[in-house]
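Participant: Got a structure for you, final22.cif, holding mmCIF, C-alpha atoms.
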```cif
data_protein
loop_
_atom_site.label_atom_id
_atom_site.label_comp_id
_atom_site.auth_asym_id
_atom_site.auth_seq_id
_atom_site.Cartn_x
_atom_site.Cartn_y
_atom_site.Cartn_z
CA MET A 1 285.06 105.79 -44.75
CA ILE A 2 283.18 104.23 -47.65
CA LYS A 3 283.50 100.89 -45.93
CA LEU A 4 282.07 102.33 -42.74
CA LEU A 5 279.19 103.95 -44.59
CA THR A 6 278.37 100.68 -46.37
CA LYS A 7 278.49 98.87 -43.06
CA TYR A 8 275.98 101.28 -41.53
CA ILE A 9 273.71 101.17 -44.54
CA ILE A 10 273.68 97.39 -44.34
CA ASN A 11 273.04 97.63 -40.59
CA PHE A 12 270.14 99.97 -41.24
CA ILE A 13 268.51 97.65 -43.77
CA VAL A 14 269.13 94.45 -41.84
CA LEU A 15 267.81 95.87 -38.58
CA ILE A 16 264.64 97.12 -40.21
CA PHE A 17 264.21 93.80 -41.94
CA VAL A 18 264.69 91.81 -38.73
CA GLN A 19 262.41 94.13 -36.79
CA VAL A 20 259.60 94.25 -39.31
CA PHE A 21 259.59 90.73 -40.64
CA ILE A 22 260.62 88.75 -37.61
CA LEU A 23 260.21 90.53 -34.27
CA ASN A 24 257.00 92.36 -35.06
CA ASN A 25 255.38 89.05 -35.90
CA PHE A 26 255.67 87.36 -32.60
CA GLN A 27 254.79 88.62 -29.21
CA PHE A 28 255.94 86.91 -26.07
CA GLY A 29 253.10 86.48 -23.61
CA GLY A 30 250.84 88.88 -25.40
CA PHE A 31 252.37 92.17 -24.39
CA ILE A 32 256.15 91.79 -24.66
CA ASN A 33 257.25 93.36 -27.88
CA PRO A 34 261.04 93.84 -28.27
CA TYR A 35 262.30 96.58 -30.56
CA ILE A 36 265.91 96.01 -31.51
CA TYR A 37 266.11 98.42 -34.45
CA VAL A 38 267.23 101.13 -32.02
CA LEU A 39 270.56 99.33 -31.98
CA PHE A 40 271.38 101.29 -35.11
CA ILE A 41 271.24 104.55 -33.20
CA LEU A 42 273.19 103.08 -30.30
CA ILE A 43 276.19 102.08 -32.38
CA LEU A 44 276.55 105.18 -34.51
CA PRO A 45 280.02 106.72 -34.17
CA PHE A 46 280.70 109.33 -31.51
CA GLU A 47 281.57 111.88 -34.15
CA THR A 48 278.17 111.72 -35.86
CA PRO A 49 276.85 115.29 -36.19
CA LYS A 50 274.01 115.85 -33.80
CA TRP A 51 271.61 117.16 -36.44
CA PHE A 52 272.37 114.15 -38.60
CA LEU A 53 271.69 111.88 -35.65
CA LEU A 54 268.17 113.29 -35.33
CA ILE A 55 267.46 113.03 -39.04
CA ILE A 56 268.72 109.49 -39.35
CA ALA A 57 266.72 108.56 -36.25
CA PHE A 58 263.63 110.01 -37.84
CA LEU A 59 264.27 108.09 -41.06
CA LEU A 60 264.82 104.87 -39.15
CA GLY A 61 261.68 105.28 -37.09
CA PHE A 62 259.67 106.31 -40.09
CA SER A 63 260.78 103.23 -42.01
CA ILE A 64 259.54 101.05 -39.19
CA ASP A 65 256.31 103.06 -39.11
CA ILE A 66 255.71 102.54 -42.80
CA PHE A 67 255.90 98.78 -42.38
CA SER A 68 253.84 98.61 -39.22
CA HIS A 69 251.22 101.17 -40.34
CA THR A 70 251.78 103.45 -37.37
CA PRO A 71 253.06 106.70 -38.96
CA GLY A 72 254.77 108.95 -36.46
CA MET A 73 254.82 106.54 -33.54
CA HIS A 74 258.22 104.95 -33.92
CA SER A 75 259.72 108.05 -35.51
CA SER A 76 258.90 110.25 -32.54
CA ALA A 77 260.17 107.64 -30.08
CA THR A 78 263.39 107.09 -32.00
CA VAL A 79 264.03 110.83 -32.40
CA PHE A 80 263.52 111.26 -28.69
CA MET A 81 265.98 108.45 -28.05
CA ALA A 82 268.56 110.00 -30.40
CA PHE A 83 268.13 113.29 -28.57
CA SER A 84 268.76 111.52 -25.27
CA ARG A 85 271.78 109.69 -26.67
CA VAL A 86 273.80 112.90 -26.81
CA GLN A 87 273.21 113.61 -23.15
CA MET A 88 273.73 109.98 -22.27
CA LEU A 89 277.12 109.85 -23.96
CA LYS A 90 278.15 112.98 -22.12
CA THR A 91 277.14 111.43 -18.80
CA LEU A 92 278.86 108.12 -19.44
CA SER A 93 282.01 109.53 -20.99
CA PRO A 94 285.30 108.30 -19.50
CA ARG A 95 287.48 110.80 -17.64
CA ASP A 96 289.59 111.55 -20.68
CA GLY A 97 286.80 111.49 -23.27
CA TYR A 98 286.06 109.05 -26.02
CA GLU A 99 289.02 107.96 -28.10
CA THR A 100 288.94 108.61 -31.81
CA GLU A 101 288.22 105.73 -34.17
CA THR A 102 286.04 104.03 -31.54
CA THR A 103 282.31 103.42 -31.54
CA PRO A 104 279.96 102.90 -28.61
CA SER A 105 280.19 99.13 -28.44
CA ILE A 106 281.17 96.24 -26.18
CA LYS A 107 284.28 95.78 -28.27
CA ASP A 108 285.58 99.24 -27.43
CA TYR A 109 284.19 100.11 -24.02
CA GLY A 110 283.29 96.81 -22.40
CA GLY A 111 280.09 94.98 -21.57
CA LYS A 112 279.25 96.87 -18.37
CA TRP A 113 279.48 100.29 -19.99
CA PHE A 114 277.48 99.16 -22.99
CA LEU A 115 274.82 97.51 -20.84
CA LYS A 116 274.29 100.71 -18.85
CA TYR A 117 274.21 102.77 -22.04
CA THR A 118 271.78 100.39 -23.73
CA ILE A 119 269.42 99.89 -20.82
CA VAL A 120 268.90 103.59 -20.27
CA LEU A 121 268.39 104.53 -23.91
CA VAL A 122 266.24 101.52 -24.80
CA PHE A 123 264.12 102.18 -21.72
CA ILE A 124 263.70 105.81 -22.73
CA HIS A 125 262.67 104.72 -26.22
CA HIS A 126 260.25 102.08 -25.00
CA ILE A 127 258.61 104.28 -22.40
CA PHE A 128 258.07 106.97 -25.00
CA LEU A 129 256.83 104.46 -27.56
CA PHE A 130 254.42 102.63 -25.30
CA TYR A 131 252.90 105.75 -23.83
CA ILE A 132 252.45 107.33 -27.22
CA GLU A 133 250.84 104.12 -28.39
CA VAL A 134 248.32 104.17 -25.56
CA PHE A 135 248.20 107.97 -25.84
CA SER A 136 246.98 108.54 -22.32
CA PHE A 137 248.19 108.26 -18.77
CA SER A 138 245.24 106.21 -17.64
CA ASP A 139 246.40 102.67 -16.89
CA PHE A 140 249.74 104.30 -16.17
CA PHE A 141 251.23 101.30 -14.40
CA ILE A 142 250.08 98.72 -16.90
CA THR A 143 251.79 100.67 -19.67
CA PHE A 144 254.85 101.16 -17.51
CA PHE A 145 255.01 97.45 -16.80
CA ARG A 146 254.71 96.57 -20.47
CA ALA A 147 257.46 99.04 -21.37
CA THR A 148 259.76 97.68 -18.68
CA ILE A 149 259.31 94.04 -19.63
CA SER A 150 259.80 94.81 -23.31
CA THR A 151 262.91 96.81 -22.46
CA LEU A 152 264.41 93.77 -20.71
CA PHE A 153 263.78 91.61 -23.76
CA SER A 154 265.06 94.22 -26.20
CA VAL A 155 268.21 94.79 -24.17
CA ALA A 156 268.80 91.05 -23.94
CA LEU A 157 268.47 90.68 -27.69
CA ILE A 158 270.70 93.69 -28.36
CA MET A 159 273.40 92.31 -26.04
CA VAL A 160 273.29 88.98 -27.85
CA ILE A 161 273.66 90.72 -31.21
CA GLN A 162 276.53 92.80 -29.84
CA PHE A 163 278.38 89.68 -28.78
CA PHE A 164 278.16 88.52 -32.37
CA TYR A 165 279.67 91.79 -33.53
CA LYS A 166 282.50 91.39 -31.10
CA LYS A 167 283.88 88.43 -32.95
CA MET B 1 270.92 139.63 -35.72
CA LYS B 2 274.33 138.09 -35.40
CA ASN B 3 273.55 137.21 -31.83
CA LEU B 4 270.28 135.67 -32.83
CA LEU B 5 271.98 133.50 -35.43
CA LYS B 6 274.57 132.50 -32.86
CA PHE B 7 271.83 131.63 -30.45
CA ILE B 8 269.99 129.56 -33.04
CA LEU B 9 273.25 127.85 -33.95
CA ARG B 10 273.91 127.07 -30.33
CA ILE B 11 270.54 125.48 -29.76
CA HIS B 12 270.19 124.06 -33.26
CA PHE B 13 270.25 120.55 -31.94
CA PHE B 14 267.42 121.11 -29.52
CA LEU B 15 265.49 123.14 -32.07
CA LEU B 16 265.83 120.42 -34.67
CA PHE B 17 264.78 117.85 -32.12
CA VAL B 18 261.66 119.82 -31.28
CA ILE B 19 260.80 120.34 -34.93
CA ILE B 20 261.20 116.69 -35.85
CA GLU B 21 259.38 115.57 -32.74
CA VAL B 22 256.44 117.89 -33.39
CA PHE B 23 256.40 116.76 -36.99
CA SER B 24 256.35 113.09 -35.95
CA ILE B 25 253.60 113.57 -33.45
CA SER B 26 251.53 115.57 -35.91
CA ILE B 27 251.88 112.70 -38.37
CA LEU B 28 250.90 110.35 -35.58
CA ILE B 29 247.81 112.32 -34.72
CA ASN B 30 246.77 112.90 -38.29
CA HIS B 31 247.22 109.38 -39.54
CA ASN B 32 246.30 107.17 -36.64
CA ASN B 33 242.65 106.99 -35.84
CA PHE B 34 243.02 106.05 -32.21
CA GLN B 35 245.53 108.75 -31.39
CA ARG B 36 243.53 111.31 -33.32
CA ILE B 37 240.40 110.52 -31.38
CA SER B 38 242.28 110.63 -28.09
CA TYR B 39 243.83 113.93 -29.08
CA LEU B 40 240.53 115.46 -30.10
CA ARG B 41 238.87 114.22 -26.95
CA PHE B 42 241.61 115.77 -24.87
CA VAL B 43 241.47 119.05 -26.76
CA ASN B 44 237.70 119.19 -26.54
CA ASN B 45 237.69 118.38 -22.85
CA SER B 46 240.27 120.95 -21.95
CA SER B 47 238.96 123.68 -24.21
CA GLY B 48 235.44 122.96 -23.02
CA GLU B 49 236.54 123.27 -19.43
CA ILE B 50 238.39 126.49 -20.09
CA TYR B 51 235.41 127.96 -21.92
CA GLU B 52 233.15 126.96 -19.08
CA ARG B 53 235.38 128.62 -16.52
CA ILE B 54 235.64 131.79 -18.55
CA ASN B 55 231.89 131.78 -18.99
CA ASN B 56 231.30 131.24 -15.28
CA PHE B 57 233.57 134.15 -14.58
CA ARG B 58 231.84 136.37 -17.11
CA LEU B 59 228.43 135.54 -15.66
CA TYR B 60 229.35 137.51 -12.55
CA PHE B 61 229.67 140.68 -14.57
CA SER B 62 226.23 140.31 -16.08
CA LEU B 63 224.53 139.44 -12.80
CA LYS B 64 223.14 142.93 -12.37
CA ASP B 65 221.62 143.02 -15.83
CA GLU B 66 220.40 139.51 -15.34
CA ASN B 67 218.68 140.46 -12.10
CA GLU B 68 217.05 143.48 -13.65
CA MET B 69 215.83 141.35 -16.49
CA LEU B 70 214.39 138.82 -14.08
CA ILE B 71 212.63 141.50 -12.07
CA LYS B 72 211.08 142.92 -15.22
CA GLU B 73 210.05 139.47 -16.26
CA ASN B 74 208.50 138.86 -12.86
CA VAL B 75 206.51 142.07 -13.01
CA ARG B 76 205.31 141.23 -16.48
CA LEU B 77 204.20 137.77 -15.40
CA LYS B 78 202.47 139.10 -12.30
CA ASN B 79 200.54 141.49 -14.49
CA ILE B 80 199.37 138.59 -16.56
CA LEU B 81 198.11 136.71 -13.51
CA GLN B 82 194.33 136.68 -13.34
CA THR B 83 194.15 137.89 -9.77
CA THR B 84 195.91 141.10 -10.68
CA TYR B 85 193.50 141.85 -13.45
CA ARG B 86 190.59 143.90 -12.45
CA SER B 87 188.49 141.80 -14.76
CA ASP B 88 189.87 139.12 -16.92
CA ASP B 89 186.65 138.35 -18.73
CA VAL B 90 186.61 141.61 -20.59
CA PHE B 91 185.00 141.13 -23.91
CA PHE B 92 182.78 143.00 -26.24
CA ARG B 93 180.18 141.68 -28.52
CA SER B 94 177.92 143.28 -31.01
CA ILE B 95 174.39 142.41 -31.89
CA ASN B 96 173.10 143.41 -35.27
CA ASP B 97 169.39 143.75 -35.35
CA SER B 98 168.80 143.64 -39.07
CA ILE B 99 165.01 144.18 -38.86
CA LYS B 100 165.03 147.33 -36.79
CA ASN B 101 168.41 148.45 -38.03
CA GLN B 102 169.42 149.01 -34.46
CA LYS B 103 172.79 148.14 -33.15
CA TYR B 104 173.59 147.26 -29.58
CA TYR B 105 177.01 147.09 -28.19
CA TYR B 106 177.67 144.78 -25.26
CA THR B 107 180.40 145.21 -22.71
CA SER B 108 180.88 142.83 -19.86
CA ALA B 109 181.53 144.13 -16.39
CA ARG B 110 181.84 142.79 -12.90
CA VAL B 111 179.58 143.70 -10.04
CA ILE B 112 181.80 144.88 -7.23
CA ASN B 113 179.14 146.33 -4.97
CA ASN B 114 175.45 145.61 -4.77
CA THR B 115 172.67 146.31 -2.31
CA ILE B 116 169.23 144.80 -2.25
CA ASN B 117 167.88 145.71 1.16
CA LYS B 118 167.39 149.46 0.77
CA GLN B 119 164.70 151.49 -0.88
CA HIS B 120 167.19 153.01 -3.29
CA ASN B 121 169.51 150.24 -4.37
CA PHE B 122 172.58 150.81 -6.48
CA ILE B 123 175.10 148.54 -8.10
CA THR B 124 178.74 149.40 -8.66
CA LEU B 125 180.57 148.00 -11.70
CA ASP B 126 184.30 147.77 -12.26
CA LYS B 127 184.19 149.48 -15.63
CA GLY B 128 184.08 153.15 -16.32
CA SER B 129 184.51 155.72 -19.01
CA ASN B 130 187.88 154.20 -19.92
CA ASP B 131 186.06 151.08 -21.00
CA GLY B 132 183.45 152.97 -22.97
CA ILE B 133 180.73 153.06 -20.33
CA ARG B 134 178.51 156.12 -20.54
CA VAL B 135 175.62 157.39 -18.48
CA GLU B 136 172.20 155.98 -19.33
CA MET B 137 173.41 152.74 -20.77
CA ALA B 138 171.40 149.64 -20.02
CA VAL B 139 172.70 146.98 -17.70
CA VAL B 140 171.45 143.46 -18.10
CA SER B 141 172.39 140.07 -16.78
CA LYS B 142 171.95 136.92 -18.77
CA ASP B 143 168.52 136.40 -17.20
CA GLY B 144 167.05 139.83 -17.40
CA VAL B 145 167.18 143.56 -16.91
CA VAL B 146 169.36 144.83 -14.09
CA GLY B 147 169.40 148.62 -14.28
CA ILE B 148 170.66 151.77 -15.93
CA VAL B 149 174.05 153.39 -15.60
CA LYS B 150 173.68 156.49 -13.49
CA ALA B 151 177.20 157.80 -13.12
CA VAL B 152 180.63 156.90 -14.40
CA SER B 153 184.16 157.59 -13.24
CA LYS B 154 187.27 156.54 -15.12
CA ASN B 155 187.28 152.96 -13.92
CA TYR B 156 183.96 152.53 -12.15
CA SER B 157 180.34 153.15 -12.76
CA THR B 158 177.25 153.12 -10.59
CA VAL B 159 174.07 151.56 -11.78
CA ILE B 160 170.62 152.41 -10.57
CA SER B 161 169.11 149.05 -9.97
CA VAL B 162 165.71 147.84 -11.08
CA ILE B 163 164.97 147.38 -7.42
CA ASN B 164 165.23 151.11 -6.79
CA LYS B 165 162.10 153.09 -6.23
CA ASP B 166 163.28 155.86 -8.53
CA LEU B 167 163.54 153.72 -11.63
CA ARG B 168 160.80 153.15 -14.08
CA ILE B 169 161.19 150.97 -17.11
CA SER B 170 159.02 150.93 -20.15
CA ALA B 171 157.77 147.34 -20.25
CA ARG B 172 155.46 145.28 -22.35
CA HIS B 173 153.27 142.27 -21.83
CA LYS B 174 154.79 140.09 -24.43
CA LYS B 175 151.75 138.02 -25.38
CA SER B 176 149.27 140.88 -25.82
CA GLY B 177 151.71 143.60 -26.80
CA TYR B 178 150.29 146.20 -24.41
CA PHE B 179 152.92 148.29 -22.73
CA GLY B 180 153.11 149.93 -19.38
CA SER B 181 155.58 151.04 -16.81
CA ALA B 182 157.48 148.65 -14.54
CA TYR B 183 158.76 149.78 -11.19
CA TRP B 184 159.79 148.45 -7.84
CA ASN B 185 157.54 149.18 -4.91
CA GLY B 186 160.12 148.73 -2.20
CA GLY B 187 159.05 145.23 -1.26
CA LYS B 188 160.90 141.97 -1.83
CA TYR B 189 164.06 142.15 -3.88
CA ASN B 190 162.76 139.71 -6.49
CA LYS B 191 159.38 141.37 -7.03
CA ALA B 192 158.34 144.32 -9.15
CA VAL B 193 155.15 145.86 -10.40
CA LEU B 194 153.88 146.56 -13.90
CA SER B 195 151.11 149.14 -14.16
CA ASP B 196 149.08 150.79 -16.90
CA ILE B 197 148.11 147.58 -18.71
CA PRO B 198 144.54 148.04 -19.98
CA LEU B 199 141.85 145.76 -18.68
CA HIS B 200 141.08 144.20 -22.04
CA ALA B 201 144.50 142.66 -22.25
CA GLN B 202 144.53 138.89 -21.77
CA ILE B 203 146.79 138.31 -18.78
CA SER B 204 147.62 134.98 -17.25
CA ILE B 205 150.06 133.96 -14.58
CA GLY B 206 153.49 133.05 -15.92
CA ASP B 207 153.36 135.44 -18.90
CA THR B 208 156.63 137.06 -19.83
CA ILE B 209 157.16 140.76 -19.35
CA VAL B 210 159.80 142.25 -21.62
CA THR B 211 161.28 145.65 -22.33
CA SER B 212 159.35 147.71 -24.81
CA GLY B 213 162.31 149.29 -26.56
CA TYR B 214 160.65 152.69 -26.50
CA SER B 215 163.05 154.18 -24.03
CA THR B 216 166.12 153.92 -26.29
CA ILE B 217 167.99 152.51 -23.32
CA PHE B 218 167.09 148.86 -23.22
CA PRO B 219 167.11 146.58 -26.19
CA THR B 220 163.70 145.53 -27.35
CA ASP B 221 162.07 142.38 -25.97
CA PHE B 222 164.60 141.78 -23.24
CA PRO B 223 163.02 139.82 -20.38
CA ILE B 224 162.20 141.62 -17.16
CA GLY B 225 160.22 138.99 -15.34
CA TYR B 226 157.14 136.82 -15.23
CA VAL B 227 153.61 137.55 -14.12
CA SER B 228 152.98 136.21 -10.62
CA ALA B 229 149.67 137.95 -9.83
CA TYR B 230 147.43 140.70 -11.24
CA ARG B 231 144.55 142.80 -10.02
CA LYS B 232 142.43 145.69 -11.15
CA LYS B 233 143.49 149.08 -10.04
CA GLY B 234 141.84 152.44 -10.56
CA GLY B 235 139.03 151.34 -12.82
CA SER B 236 140.61 150.74 -16.21
CA PHE B 237 144.07 149.34 -15.58
CA TYR B 238 145.66 146.20 -14.27
CA GLU B 239 148.40 146.22 -11.69
CA ILE B 240 150.57 143.15 -12.33
CA ASP B 241 153.03 141.65 -9.88
CA ILE B 242 156.17 140.44 -11.56
CA ASN B 243 158.78 137.95 -10.46
CA LEU B 244 162.01 139.53 -11.67
CA SER B 245 163.97 137.14 -13.83
CA ALA B 246 167.36 138.57 -12.86
CA ASP B 247 168.48 137.35 -9.47
CA PHE B 248 169.79 140.45 -7.75
CA LYS B 249 171.14 138.49 -4.84
CA LYS B 250 173.80 136.76 -6.85
CA LEU B 251 174.74 139.20 -9.55
CA THR B 252 178.36 138.75 -10.54
CA VAL B 253 178.86 139.52 -14.19
CA VAL B 254 176.55 141.81 -16.10
CA ASN B 255 176.51 143.26 -19.58
CA VAL B 256 176.40 146.94 -20.24
CA VAL B 257 174.49 147.62 -23.42
CA GLU B 258 175.03 150.61 -25.58
CA ASN B 259 172.43 151.63 -28.08
CA LEU B 260 174.42 153.01 -30.94
CA MET B 261 171.41 154.64 -32.59
CA ARG B 262 170.27 156.35 -29.45
CA LYS B 263 171.63 159.80 -30.24
CA GLU B 264 170.08 159.76 -33.65
CA LYS B 265 166.71 158.80 -32.27
CA ILE B 266 166.79 161.39 -29.51
CA ALA B 267 167.88 164.09 -31.91
CA LEU B 268 165.02 163.25 -34.23
CA GLU B 269 162.47 163.24 -31.42
CA ASN B 270 163.76 166.54 -30.06
CA GLU B 271 163.48 168.08 -33.50
CA LEU B 272 159.87 166.97 -33.62
CA LYS B 273 159.21 168.47 -30.19
CA ASN B 274 160.82 171.76 -31.16
CA ASN B 275 158.83 171.92 -34.36
CA THR B 276 155.56 171.36 -32.51
CA ASN B 277 156.44 174.01 -29.98
CA ASP B 278 157.06 176.58 -32.72
#
```
Kindly transcribe the structure held in the file into structure tokens.
Facilitator:
Amino acid sequence: MIKLLTKYIINFIVLIFVQVFILNNFQFGGFINPYIYVLFILILPFETPKWFLLIIAFLLGFSIDIFSHTPGMHSSATVFMAFSRVQMLKTLSPRDGYETETTPSIKDYGGKWFLKYTIVLVFIHHIFLFYIEVFSFSDFFITFFRATISTLFSVALIMVIQFFYKK
Amino acid sequence: MKNLLKFILRIHFFLLFVIIEVFSISILINHNNFQRISYLRFVNNSSGEIYERINNFRLYFSLKDENEMLIKENVRLKNILQTTYRSDDVFFRSINDSIKNQKYYYTSARVINNTINKQHNFITLDKGSNDGIRVEMAVVSKDGVVGIVKAVSKNYSTVISVINKDLRISARHKKSGYFGSAYWNGGKYNKAVLSDIPLHAQISIGDTIVTSGYSTIFPTDFPIGYVSAYRKKGGSFYEIDINLSADFKKLTVVNVVENLMRKEKIALENELKNNTND
């Protein structure tokens, strides 16, 4: 249990570090901006209390906000994603439920399942984030396009990282 | 209460989500300039629109009052219009004669009826007792004597014109100072006659004839006309033809003159008469 907690704390710190100091500093083609820190929410154990999920999502988002000087933007998007995760897990659950001692990961549930899970949640997060950044529905399609492209990049990066975990 | 707690417990996840989300977005709006401005613009736009609609709706209820107000306003403005006014150039002016200690009070009035082709010509003015016009006030134009007020109603007054055979005015030959009586002989509208000037008076054509001031009606030395011709009549007097200085054919605005000392003078003279009779 302590080991698990340490692992997640390290995950938390490393993801924020990577996001803030590496990914935020380069943008592909001007408007592609991958956010991989949401991976932390994705891989939290199934048994995580729902209220704790929201709070940890807020803390994660707020940490990113503090470093990128956008208070509230990432926190709201991440909380929204955490809220969606509960429903998403319900929808994607296998016929006989999730087994104990497993986490939502490629290692336990396979690449296809994880890809579906990741794409949907990351897309939800990105859509929310990009629209709240623009803060209007004018230029709806431009924002939508940016969110979609960024989602593809984020998902790709998250899958790569997951493959590392697998080993 | 128990049920409420149960309910809150059941939806605690959603409730927490909403709370955190609202909190995040409030932070976002309060600490990010761009989002704050967008938010305020949105709020202003929508609240402005709602207020406008409510206001538009409310205007219907006040339409009746509004109409009444407009009608009143219209009436008020129409009353101000010059054409509605019976006379817009109403003014009064006072003349203080410091030497004779006599005060004349001028009122302007409009000529609304005027005849010149009869033997007994009258002028009607658009001022009456309401405007302070009384019987036996003098009427003058800017050029000369016009007549004497004969009768007044509330808003109108009739003036016996100088060119009326019944009117006699106490007049004076200005240069010599001799006085006589001026009257109209029923001839041309711009001619009059001055009689009773003694033969030893030096008369020449063009001399000014003015009011004598003895009658208490006309102010002293107000022009009546100019000498056009003179002849002897009846042995010791001249009969002088006068060109009237006031043009009776185009009278429009005249002044009605009130002699404020008139009553005093008449009272004094009557007293004298009564005393002599006794």
Participant: Using all atoms listed in the file, find the one residue out of A:Val14, A:Ile124, A:Val38, A:Leu53 that sits nearest to chain B.
Facilitator: A:Leu53
Participant: What residues in chain B have any atom no more than 6 Å from chain A when counting only C-alpha atoms, and can you write them as a list in words?
Facilitator: Phe13, Glu21, Ser24, Ile25, Ile27 and Leu28 of chain B
Participant: Which residues match the PyMOL selection byres ((chain B and resi 180-192) around 8) in the file above, as JSON, numbers by chain?
Facilitator: {"B": [116, 117, 118, 119, 162, 163, 164, 165, 167, 168, 169, 170, 171, 172, 178, 179, 193, 194, 195, 196, 197, 241, 242, 243, 244, 245, 246, 247, 248]}
Participant: Report, in Å to a single decimal, how far apart CA of Asp221 in chain B and CA of Val149 in chain B are.
Facilitator: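 CA of Val149 in chain B sits 19.3 Å away from CA of Asp221 in chain B.
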Participant: Compile the contact shell of range 140-148 of chain A as a ChimeraX atom specification: residues with an atom at most 9 Å away, counting all atoms listed in the file, same-chain residues fewer than 4 positions apart removed.
Facilitator: /A:31-33,123,126-131,134,136,152-153
Participant: What is the CA of Phe46 in chain A to CA of Thr103 in chain A distance in Å?
Facilitator: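 Between these atoms lies a distance of 6.1 Å.
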Participant: Env of Pro223 in chain B: 8 Å cut, atoms = all atoms listed in the file, seq-sep filter 5 positions within chain, self excluded. Answer as a VMD selection string.
Facilitator: chain B and resid 143 to 145 208 to 211 245
Participant: Using only C-alpha atoms, can you tell me which of B:Ser176, B:Ser141, B:Ser236, B:Ser215 comes closest to Val254 in chain B?
Facilitator: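 So, comparing all the options, the nearest one is B:Ser141.
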Participant: On this file, the PyMOL selection byres ((chain A and resi 106) around 10) gives some set of residues; write that set as a PyMOL selection string.
Facilitator: chain A and resi 43+103-105+107-115+159+162-163+165-166
Participant: With all atoms listed in the file as the counted atoms, please give the residues lying no more than 7 Å from Arg85 in chain A, apart from itself and same-chain residues fewer than 4 positions off, as a ChimeraX atom specification.
Facilitator: /A:81,89,121
Participant: Can I get the selection written as a PDB file, in the coordinates of the input, with C-alpha atoms?
Facilitator:
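Ended up saving to out_24.pdb:
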```pdb
ATOM      1  CA  MET A  81     265.980 108.450 -28.050  1.00  0.00           C
ATOM      2  CA  LEU A  89     277.120 109.850 -23.960  1.00  0.00           C
ATOM      3  CA  LEU A 121     268.390 104.530 -23.910  1.00  0.00           C
TER       4      LEU A 121
END
```
Participant: Of the candidates B:Met137, B:Leu272, B:Leu63, B:Val253, which shows the shortest atom-to-atom distance to Ser108 in chain B, using only C-alpha atoms?
Facilitator: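 The closest residue to Ser108 in chain B is B:Val253.
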Participant: Can you translate the PyMOL selection byres ((chain B and resi 260) around 9) into the concrete residues it hits in this file, as a short mmCIF file (atom, residue, chain, number, x, y, z; two decimals) with C-alpha atoms, keeping the file's coordinate frame?
Facilitator:
```cif
data_model
loop_
_atom_site.label_atom_id
_atom_site.label_comp_id
_atom_site.auth_asym_id
_atom_site.auth_seq_id
_atom_site.Cartn_x
_atom_site.Cartn_y
_atom_site.Cartn_z
CA GLN B 102 169.42 149.01 -34.46
CA LYS B 103 172.79 148.14 -33.15
CA TYR B 104 173.59 147.26 -29.58
CA TYR B 105 177.01 147.09 -28.19
CA GLU B 258 175.03 150.61 -25.58
CA ASN B 259 172.43 151.63 -28.08
CA MET B 261 171.41 154.64 -32.59
CA ARG B 262 170.27 156.35 -29.45
CA LYS B 263 171.63 159.80 -30.24
CA GLU B 264 170.08 159.76 -33.65
#
```
Participant: What is the CA of Pro34 in chain A-CA of Gln35 in chain B distance in Å, reported with one decimal?
Facilitator: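 Pair CA of Pro34 in chain A / CA of Gln35 in chain B returns 21.7 Å.
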Participant: For a quick check of understanding, using all atoms listed in the file, which of B:Phe61, B:Phe222, B:Phe122, B:Phe42 has the smallest distance to Val140 in chain B?
Facilitator: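 Closest candidate: B:Phe222.
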Participant: Output requested as a PDB file, keeping the file's coordinate frame - range 25-33 of chain B, filled out with N, CA and C atoms.
Facilitator:
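Once everything was written out, this is selection24.pdb:
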```pdb
ATOM      1  N   ILE B  25     254.836 113.728 -34.219  1.00  0.00           N
ATOM      2  CA  ILE B  25     253.600 113.570 -33.450  1.00  0.00           C
ATOM      3  C   ILE B  25     252.411 114.078 -34.252  1.00  0.00           C
ATOM      4  N   SER B  26     252.650 115.116 -35.072  1.00  0.00           N
ATOM      5  CA  SER B  26     251.530 115.570 -35.910  1.00  0.00           C
ATOM      6  C   SER B  26     251.164 114.504 -36.932  1.00  0.00           C
ATOM      7  N   ILE B  27     252.181 113.831 -37.463  1.00  0.00           N
ATOM      8  CA  ILE B  27     251.880 112.700 -38.370  1.00  0.00           C
ATOM      9  C   ILE B  27     251.088 111.645 -37.614  1.00  0.00           C
ATOM     10  N   LEU B  28     251.555 111.369 -36.410  1.00  0.00           N
ATOM     11  CA  LEU B  28     250.900 110.350 -35.580  1.00  0.00           C
ATOM     12  C   LEU B  28     249.435 110.683 -35.381  1.00  0.00           C
ATOM     13  N   ILE B  29     249.198 111.940 -35.029  1.00  0.00           N
ATOM     14  CA  ILE B  29     247.810 112.320 -34.720  1.00  0.00           C
ATOM     15  C   ILE B  29     246.970 112.338 -35.983  1.00  0.00           C
ATOM     16  N   ASN B  30     247.573 112.777 -37.074  1.00  0.00           N
ATOM     17  CA  ASN B  30     246.770 112.900 -38.290  1.00  0.00           C
ATOM     18  C   ASN B  30     246.518 111.575 -38.986  1.00  0.00           C
ATOM     19  N   HIS B  31     247.361 110.614 -38.771  1.00  0.00           N
ATOM     20  CA  HIS B  31     247.220 109.380 -39.540  1.00  0.00           C
ATOM     21  C   HIS B  31     246.826 108.163 -38.730  1.00  0.00           C
ATOM     22  N   ASN B  32     246.730 108.311 -37.441  1.00  0.00           N
ATOM     23  CA  ASN B  32     246.300 107.170 -36.640  1.00  0.00           C
ATOM     24  C   ASN B  32     244.982 107.510 -35.967  1.00  0.00           C
ATOM     25  N   ASN B  33     243.990 106.711 -36.319  1.00  0.00           N
ATOM     26  CA  ASN B  33     242.650 106.990 -35.840  1.00  0.00           C
ATOM     27  C   ASN B  33     242.568 107.087 -34.331  1.00  0.00           C
TER      28      ASN B  33
END
```
